[in-house]
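Here's the structure, in structure tokens; my notes come after.
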Amino acid sequence: MTESLAAKVLPVRMLKAFLVLLALLGTVPPALGAELVMYRRAGCPYCQAWDREIGPVYPKTDIGKSLPLRQVHLDRGKDNSVELKSPVRYTPTFVLVENGKEKARIEGYPGEFFFWGVLEKLLL
């Protein structure tokens with residue numbers, strides 16, 4: 001790796017580690033009875049990226065402990081457990097659910113920085 005490339009990659013890795021640490025130490029309390037529902041389809045490459053990048057860490061974070069994740073596989077049939085504001089069109093779609101009703105959603109997964117940042121904003 002050249003010096004200039006290493007100088008560009010190192011700060012990105014440090015930022016990534018810092019954001020993961022913030023997520024692990026975060027103290028964002030969602031409403032009682034809240035959950036995060038991940039709608040997915042088999043073979044979805046963005047779902048697979050989420051599984052690799054966020055899946056192992058999510059339940060260990062304060063957010064994950066207070067906002068449990070439930071996955072719904074759209075190709076296994078309709079799930080009527082959540083009153084959605086609109087149909088799920090893209091996967092993954094993450095829906096913040098309180099008392100069985102959608103409060104907010106994140107459509108898609110362009111990367112872990114986006115996911116943590118938007119999720120924290122949804123919880124404010």
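Chain labels follow the order of the structure tokens: the first chain is A, the next B, and so on; residue numbering restarts at 1 in every chain, and ligands are counted from 1 in their shown order.
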
Next item on the list: For A:Leu74, list every protein, DNA or RNA residue within 7 Å, evaluated using only C-alpha atoms, and leave out those in the same chain fewer than 4 positions away; present the list as a ChimeraX atom specification.
Entry: /A:39-41,78

Let's have the selection written as a compact mmCIF listing (two decimals), in the first residue's frame, with C-alpha atoms.
# COMPACT_ATOMS: atom_id res chain seq x y z
CA TYR A 39 -37.95 -6.91 6.17
CA ARG A 40 -35.79 -8.97 3.81
CA ARG A 41 -35.87 -11.31 0.83
CA LYS A 78 -47.25 -11.96 4.46

Please report as JSON lines every residue of stretch 29-98 of chain A lying within 12 Å of stretch 115-119 of chain A, along with the nearest atom pair and their distance in Å (one decimal), using only C-alpha atoms.
{"residue": "A:Pro29", "atom": "CA", "partner": "A:Leu119", "partner_atom": "CA", "distance": 12.0}
{"residue": "A:Pro30", "atom": "CA", "partner": "A:Leu119", "partner_atom": "CA", "distance": 10.8}
{"residue": "A:Leu36", "atom": "CA", "partner": "A:Leu119", "partner_atom": "CA", "distance": 9.7}
{"residue": "A:Tyr46", "atom": "CA", "partner": "A:Phe115", "partner_atom": "CA", "distance": 11.8}
{"residue": "A:Ala49", "atom": "CA", "partner": "A:Phe115", "partner_atom": "CA", "distance": 11.6}
{"residue": "A:Trp50", "atom": "CA", "partner": "A:Phe115", "partner_atom": "CA", "distance": 9.1}
{"residue": "A:Glu53", "atom": "CA", "partner": "A:Phe115", "partner_atom": "CA", "distance": 10.3}
{"residue": "A:Ile54", "atom": "CA", "partner": "A:Phe115", "partner_atom": "CA", "distance": 8.7}
{"residue": "A:Gly55", "atom": "CA", "partner": "A:Phe115", "partner_atom": "CA", "distance": 11.6}
{"residue": "A:Val57", "atom": "CA", "partner": "A:Trp116", "partner_atom": "CA", "distance": 11.4}
{"residue": "A:Tyr58", "atom": "CA", "partner": "A:Trp116", "partner_atom": "CA", "distance": 9.8}
{"residue": "A:Thr61", "atom": "CA", "partner": "A:Trp116", "partner_atom": "CA", "distance": 10.9}
{"residue": "A:Ile63", "atom": "CA", "partner": "A:Leu119", "partner_atom": "CA", "distance": 9.1}
{"residue": "A:Gly64", "atom": "CA", "partner": "A:Leu119", "partner_atom": "CA", "distance": 10.8}
{"residue": "A:Leu67", "atom": "CA", "partner": "A:Leu119", "partner_atom": "CA", "distance": 10.7}
{"residue": "A:Pro92", "atom": "CA", "partner": "A:Phe115", "partner_atom": "CA", "distance": 11.2}
{"residue": "A:Thr93", "atom": "CA", "partner": "A:Phe115", "partner_atom": "CA", "distance": 10.9}
{"residue": "A:Phe94", "atom": "CA", "partner": "A:Leu119", "partner_atom": "CA", "distance": 9.0}
{"residue": "A:Val95", "atom": "CA", "partner": "A:Leu119", "partner_atom": "CA", "distance": 9.9}
{"residue": "A:Leu96", "atom": "CA", "partner": "A:Leu119", "partner_atom": "CA", "distance": 8.8}

Hey, can you spit out that residue selection with N, CA and C atoms as a CSV table (one decimal), in the first residue's frame?
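The resulting file, again.csv, is shown below:
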chain,number,residue,atom,x,y,z
A,29,PRO,N,-32.7,5.6,24.5
A,29,PRO,CA,-33.8,4.7,25.0
A,29,PRO,C,-35.0,4.8,24.1
A,30,PRO,N,-35.4,3.8,23.4
A,30,PRO,CA,-36.6,3.8,22.6
A,30,PRO,C,-37.8,3.6,23.5
A,36,LEU,N,-37.4,-3.2,16.3
A,36,LEU,CA,-36.9,-2.9,15.0
A,36,LEU,C,-37.2,-4.1,14.2
A,46,TYR,N,-27.9,-6.6,-0.2
A,46,TYR,CA,-27.8,-5.5,0.8
A,46,TYR,C,-28.2,-6.1,2.2
A,49,ALA,N,-25.1,-7.9,3.2
A,49,ALA,CA,-24.1,-6.9,3.7
A,49,ALA,C,-24.4,-6.5,5.1
A,50,TRP,N,-25.7,-6.3,5.4
A,50,TRP,CA,-26.1,-5.9,6.8
A,50,TRP,C,-25.8,-7.0,7.7
A,53,GLU,N,-22.0,-6.9,8.3
A,53,GLU,CA,-21.4,-5.6,9.0
A,53,GLU,C,-22.1,-5.2,10.3
A,54,ILE,N,-23.4,-5.5,10.4
A,54,ILE,CA,-24.1,-5.0,11.6
A,54,ILE,C,-24.7,-6.1,12.4
A,55,GLY,N,-25.1,-7.2,11.7
A,55,GLY,CA,-25.8,-8.3,12.4
A,55,GLY,C,-25.1,-8.8,13.7
A,57,VAL,N,-23.0,-7.3,15.6
A,57,VAL,CA,-22.8,-6.3,16.6
A,57,VAL,C,-24.1,-5.7,17.2
A,58,TYR,N,-25.1,-5.7,16.4
A,58,TYR,CA,-26.4,-5.0,16.8
A,58,TYR,C,-26.9,-5.5,18.1
A,61,THR,N,-25.2,-3.9,21.3
A,61,THR,CA,-25.2,-2.5,21.5
A,61,THR,C,-26.4,-2.1,22.5
A,63,ILE,N,-28.6,0.1,21.9
A,63,ILE,CA,-29.7,0.2,21.0
A,63,ILE,C,-30.3,-1.2,20.8
A,64,GLY,N,-29.5,-2.1,20.4
A,64,GLY,CA,-29.9,-3.5,20.2
A,64,GLY,C,-30.6,-4.1,21.4
A,67,LEU,N,-33.9,-2.1,21.8
A,67,LEU,CA,-34.7,-2.2,20.6
A,67,LEU,C,-34.4,-3.5,19.9
A,92,PRO,N,-33.1,-4.4,2.3
A,92,PRO,CA,-33.8,-4.5,3.5
A,92,PRO,C,-34.6,-3.2,3.8
A,93,THR,N,-35.6,-3.3,4.5
A,93,THR,CA,-36.3,-2.2,5.1
A,93,THR,C,-36.4,-2.4,6.6
A,94,PHE,N,-36.0,-1.4,7.3
A,94,PHE,CA,-36.0,-1.5,8.8
A,94,PHE,C,-37.1,-0.6,9.3
A,95,VAL,N,-38.1,-1.2,10.1
A,95,VAL,CA,-39.2,-0.4,10.5
A,95,VAL,C,-39.2,-0.3,12.0
A,96,LEU,N,-39.2,0.9,12.5
A,96,LEU,CA,-39.3,1.1,14.0
A,96,LEU,C,-40.7,1.0,14.4

Checklist line | Residues flagged helix (DSSP H, G or I) by DSSP in stretch 51-110 of chain A, as a PyMOL selection string | finding: chain A and resi 51-53+58-60+62-66+74-76

Notebook entry, point to check: Which residue, A:Asp75, A:Glu112, A:Asp62, A:Glu83, has the smallest gap to A:Glu98 when you use only C-alpha atoms?
Noted result: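 Answer, going by the shortest atom-to-atom distance: A:Glu83.
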